[in-house]
>>> print(open('final27.pdb').read())   # PDB, C-alpha atoms
ATOM      1  CA  ILE Z 922     212.777  37.340  61.139
ATOM      2  CA  MET Z 923     215.597  36.672  58.736
ATOM      3  CA  ASP Z 924     214.546  35.640  55.241
ATOM      4  CA  ASP Z 925     211.571  33.626  56.539
ATOM      5  CA  ASN Z 926     208.705  35.814  55.332
ATOM      6  CA  HIS Z 927     207.090  32.789  53.681
ATOM      7  CA  ARG Z 928     206.485  31.280  57.141
ATOM      8  CA  ILE Z 929     204.532  34.223  58.537
ATOM      9  CA  PRO Z 930     200.985  33.447  57.270
ATOM     10  CA  GLU Z 931     201.016  29.888  58.640
ATOM     11  CA  TRP Z 932     202.611  30.954  61.940
ATOM     12  CA  LEU Z 933     200.052  33.725  62.477
ATOM     13  CA  ALA Z 934     197.130  31.455  61.565
ATOM     14  CA  TYR Z 935     198.246  28.683  63.886
ATOM     15  CA  HIS Z 936     198.850  30.941  66.893
ATOM     16  CA  TYR Z 937     195.743  33.032  66.219
ATOM     17  CA  TYR Z 938     193.668  29.926  66.883
ATOM     18  CA  ALA Z 939     195.918  28.080  69.334
ATOM     19  CA  LEU Z 940     196.571  30.869  71.859
ATOM     20  CA  PRO Z 941     194.563  33.038  70.750
ATOM     21  CA  LEU Z 942     197.198  35.463  69.469
ATOM     22  CA  ARG Z 943     195.847  38.996  69.055
ATOM     23  CA  HIS Z 944     198.944  41.205  69.190
ATOM     24  CA  VAL Z 945     202.367  40.442  67.752
ATOM     25  CA  VAL Z 946     205.661  42.265  67.299
ATOM     26  CA  ILE Z 947     207.758  41.064  64.373
ATOM     27  CA  ALA Z 948     211.426  42.046  64.532
ATOM     28  CA  ILE Z 949     213.319  42.074  61.249
ATOM     29  CA  ASP Z 950     216.931  40.904  61.446
ATOM     30  CA  PRO Z 951     219.233  43.550  59.951
ATOM     31  CA  ALA Z 952     221.042  40.849  57.970
ATOM     32  CA  SER Z 953     217.819  39.758  56.257
ATOM     33  CA  HIS Z 954     217.797  40.006  52.475
ATOM     34  CA  GLN Z 955     214.011  40.289  52.400
ATOM     35  CA  ASN Z 956     212.116  43.491  53.076
ATOM     36  CA  PRO Z 957     209.754  43.628  56.032
ATOM     37  CA  PRO Z 958     206.920  41.238  55.328
ATOM     38  CA  GLN Z 959     203.731  42.215  53.634
ATOM     39  CA  ILE Z 960     201.235  40.720  56.058
ATOM     40  CA  PRO Z 961     198.009  39.639  54.382
ATOM     41  CA  SER Z 962     195.260  42.156  55.140
ATOM     42  CA  ARG Z 963     193.081  39.480  56.750
ATOM     43  CA  TRP Z 964     195.514  39.360  59.679
ATOM     44  CA  HIS Z 965     195.544  43.128  60.140
ATOM     45  CA  GLN Z 966     191.778  42.893  60.573
ATOM     46  CA  LEU Z 967     192.083  40.232  63.279
ATOM     47  CA  MET Z 968     195.129  41.312  65.265
ATOM     48  CA  ASN Z 969     197.509  44.156  65.929
ATOM     49  CA  ILE Z 970     200.780  43.542  64.064
ATOM     50  CA  THR Z 971     203.787  45.738  64.782
ATOM     51  CA  ILE Z 972     207.010  45.478  62.774
ATOM     52  CA  TRP Z 973     210.263  46.582  64.384
ATOM     53  CA  GLN Z 974     213.714  47.237  62.969
ATOM     54  CA  ASP Z 975     216.845  47.418  65.155
ATOM     55  CA  LYS Z 976     216.326  51.177  65.572
ATOM     56  CA  ASP Z 977     213.063  50.422  67.399
ATOM     57  CA  TYR Z 978     214.640  48.419  70.226
ATOM     58  CA  VAL Z 979     218.459  48.562  70.173
ATOM     59  CA  PRO Z 980     219.896  51.597  72.021
ATOM     60  CA  MET Z 981     221.353  54.226  69.691
ATOM     61  CA  ASN Z 982     224.852  53.950  71.166
ATOM     62  CA  VAL Z 983     225.042  50.155  70.619
ATOM     63  CA  VAL Z 984     226.274  48.680  67.332
ATOM     64  CA  LEU Z 985     225.226  45.069  66.797
ATOM     65  CA  THR Z 986     225.636  44.787  63.047
ATOM     66  CA  ARG Z 987     227.258  41.460  62.273
ATOM     67  CA  GLN Z 988     230.223  41.623  59.935
ATOM     68  CA  PRO Z 989     231.366  38.752  57.687
ATOM     69  CA  LYS Z 990     234.802  38.795  59.361
ATOM     70  CA  ASP Z 991     233.380  38.604  62.904
ATOM     71  CA  PRO Z 992     234.509  35.432  64.679
ATOM     72  CA  PRO Z 993     231.652  32.998  65.494
ATOM     73  CA  ASP Z 994     231.700  33.890  69.196
ATOM     74  CA  GLN Z 995     231.308  37.580  68.420
ATOM     75  CA  LYS Z 996     228.457  36.914  65.987
ATOM     76  CA  ARG Z 997     226.713  34.850  68.671
ATOM     77  CA  GLU Z 998     227.274  37.573  71.276
ATOM     78  CA  LYS Z 999     225.750  40.230  69.007
ATOM     79  CA  TYR Z1000     222.771  37.963  68.327
ATOM     80  CA  THR Z1001     222.280  37.329  72.049
ATOM     81  CA  GLN Z1002     222.534  41.033  72.900
ATOM     82  CA  ARG Z1003     220.033  41.949  70.170
ATOM     83  CA  GLN Z1004     217.622  39.332  71.459
ATOM     84  CA  GLY Z1005     217.979  40.649  75.017
ATOM     85  CA  PHE Z1006     217.204  44.204  73.898
ATOM     86  CA  LEU Z1007     214.218  42.936  71.909
ATOM     87  CA  HIS Z1008     212.761  40.997  74.840
ATOM     88  CA  TYR Z1009     213.246  43.955  77.178
ATOM     89  CA  GLU Z1010     211.620  46.482  74.833
ATOM     90  CA  CYS Z1011     208.795  44.082  73.927
ATOM     91  CA  SER Z1012     208.054  43.573  77.612
ATOM     92  CA  LYS Z1013     207.932  47.329  78.171
ATOM     93  CA  TYR Z1014     205.794  47.798  75.055
ATOM     94  CA  PHE Z1015     203.232  45.186  76.028
ATOM     95  CA  LYS Z1016     203.152  46.416  79.611
ATOM     96  CA  SER Z1017     202.377  49.924  78.303
ATOM     97  CA  LEU Z1018     199.390  48.357  76.501
ATOM     98  CA  ASN Z1019     198.256  46.759  79.788
ATOM     99  CA  LYS Z1020     198.952  43.248  78.506
ATOM    100  CA  THR Z1021     199.296  40.706  81.300
ATOM    101  CA  TRP Z1022     201.533  38.171  79.564
ATOM    102  CA  THR Z1023     203.882  37.764  76.642
ATOM    103  CA  THR Z1024     205.880  35.007  75.036
ATOM    104  CA  TYR Z1025     208.863  35.104  72.689
ATOM    105  CA  HIS Z1026     209.294  32.822  69.678
ATOM    106  CA  ASP Z1027     211.240  32.501  66.490
ATOM    107  CA  ILE Z1028     209.190  32.061  63.344
ATOM    108  CA  ASP Z1029     210.069  28.355  63.204
ATOM    109  CA  GLU Z1030     208.853  27.717  66.767
ATOM    110  CA  TYR Z1031     205.271  26.765  67.576
ATOM    111  CA  LEU Z1032     203.488  26.421  70.883
ATOM    112  CA  THR Z1033     201.693  23.108  71.050
ATOM    113  CA  ILE Z1034     198.374  22.360  72.664
ATOM    114  CA  SER Z1035     198.240  19.382  74.985
ATOM    115  CA  GLU Z1036     195.921  16.495  74.110
ATOM    116  CA  ASP Z1037     194.458  16.974  77.586
ATOM    117  CA  PHE Z1038     192.932  20.225  76.368
ATOM    118  CA  PHE Z1039     190.302  18.079  74.661
ATOM    119  CA  SER Z1040     187.765  16.046  76.590
ATOM    120  CA  PRO Z1041     188.732  12.355  76.190
ATOM    121  CA  ASN Z1042     185.121  11.129  75.896
ATOM    122  CA  ASN Z1043     183.833  13.460  73.195
ATOM    123  CA  THR Z1044     184.954  16.086  70.738
ATOM    124  CA  ARG Z1045     183.959  19.195  72.670
ATOM    125  CA  PHE Z1046     186.612  21.452  74.112
ATOM    126  CA  LYS Z1047     187.014  21.420  77.843
ATOM    127  CA  THR Z1048     186.524  24.820  79.361
ATOM    128  CA  ARG Z1049     189.704  26.494  80.546
ATOM    129  CA  GLU Z1050     188.545  25.945  84.129
ATOM    130  CA  GLU Z1051     188.020  22.203  83.522
ATOM    131  CA  PHE Z1052     191.404  21.924  81.857
ATOM    132  CA  ILE Z1053     193.269  23.756  84.605
ATOM    133  CA  VAL Z1054     191.572  21.811  87.387
ATOM    134  CA  SER Z1055     192.211  18.470  85.680
ATOM    135  CA  THR Z1056     195.852  19.051  84.745
ATOM    136  CA  SER Z1057     197.357  21.523  87.185
ATOM    137  CA  PRO Z1058     199.408  20.319  90.145
ATOM    138  CA  ILE Z1059     199.141  23.833  91.597
ATOM    139  CA  PRO Z1060     196.192  24.407  93.937
ATOM    140  CA  ASN Z1061     193.911  27.405  93.231
ATOM    141  CA  ARG Z1062     195.275  27.734  89.701
ATOM    142  CA  THR Z1063     191.763  28.453  88.446
ATOM    143  CA  ALA Z1064     191.997  31.951  89.930
ATOM    144  CA  PHE Z1065     194.303  32.869  87.052
ATOM    145  CA  VAL Z1066     191.921  31.640  84.365
ATOM    146  CA  SER Z1067     189.682  34.679  84.597
ATOM    147  CA  GLN Z1068     192.544  37.102  83.981
ATOM    148  CA  PRO Z1069     192.587  38.750  80.522
ATOM    149  CA  GLY Z1070     195.134  37.180  78.212
ATOM    150  CA  PHE Z1071     195.495  33.989  80.253
ATOM    151  CA  VAL Z1072     197.248  31.207  78.338
ATOM    152  CA  LEU Z1073     197.153  27.524  79.202
TER     153      LEU Z1073
END
>>> encode(input="final27.pdb", output="structure tokens")
Amino acid sequence: IMDDNHRIPEWLAYHYYALPLRHVVIAIDPASHQNPPQIPSRWHQLMNITIWQDKDYVPMNVVLTRQPKDPPDQKREKYTQRQGFLHYECSKYFKSLNKTWTTYHDIDEYLTISEDFFSPNNTRFKTREEFIVSTSPIPNRTAFVSQPGFVL
């Protein structure tokens, strides 16, 4: 996150209900002018929130601090490398917690839920099994539904 702390409550609320999100790692960009976010206590009660700085996922011998005089290509390269390290360490972290899936998003990106998730004839939610069977072109996809952490 870089200077987008104001977006965090809405993002957490949306994904808490849409996924359901229960564990999140928030990485603070070293160029951010804002301190690590103060997450409202209600979210700490509902999910595990971990905040990382570069030192938590960038190898010690790698310097990715962007400098004002860096050419645009070099700034982009440092950003891309940082993101790669973050994804790698997040994957290892969640695997160590026995999580079966993960997804990576910027704070201005939202997963959307398909209209097909809702039953067209009434307002009740379809079960995950009904949704998968009705929308998946992949046979036997329902076998995955029972796995912990499954996401549509």
>>> closest_residue(input="final27.pdb", among="Z:Ile970, Z:Ile922, Z:Ala952, Z:Ile947", to="Pro989 (chain Z)", atoms="only C-alpha atoms")
Z:Ala952
>>> closest_residue(input="final27.pdb", among="Z:Pro980, Z:Pro993, Z:Pro951, Z:Pro941", to="Met968 (chain Z)", atoms="all atoms listed in the file")
Z:Pro941
>>> atom_distance(input="final27.pdb", atom1="CA of Ala939 (chain Z)", atom2="CA of Gln1002 (chain Z)")
29.8 Å
>>> atom_distance(input="final27.pdb", atom1="CA of Ser953 (chain Z)", atom2="CA of Asp924 (chain Z)")
5.4 Å
>>> atom_distance(input="final27.pdb", atom1="CA of Trp1022 (chain Z)", atom2="CA of His944 (chain Z)")
11.1 Å
>>> closest_residue(input="final27.pdb", among="Z:Val983, Z:Lys999, Z:Asn956, Z:Ile1028", to="Glu931 (chain Z)", atoms="all atoms listed in the file")
Z:Ile1028
>>> residues_around(input="final27.pdb", residues="Tyr937 (chain Z)", least_positions_apart="6", cutoff="12 Å", atoms="all atoms listed in the file", output="list in words")
Ile929, Pro930, Glu931, Arg943, His944, Val945, Arg963, Trp964, His965, Leu967, Met968, Asn969, Ile970, Tyr1031 and Leu1032 of chain Z
>>> residues_around(input="final27.pdb", residues="Asn926 (chain Z)", least_positions_apart="6", cutoff="12 Å", atoms="only C-alpha atoms", output="PyMOL selection string")
chain Z and resi 932-933+947-950+953-961+1027-1029
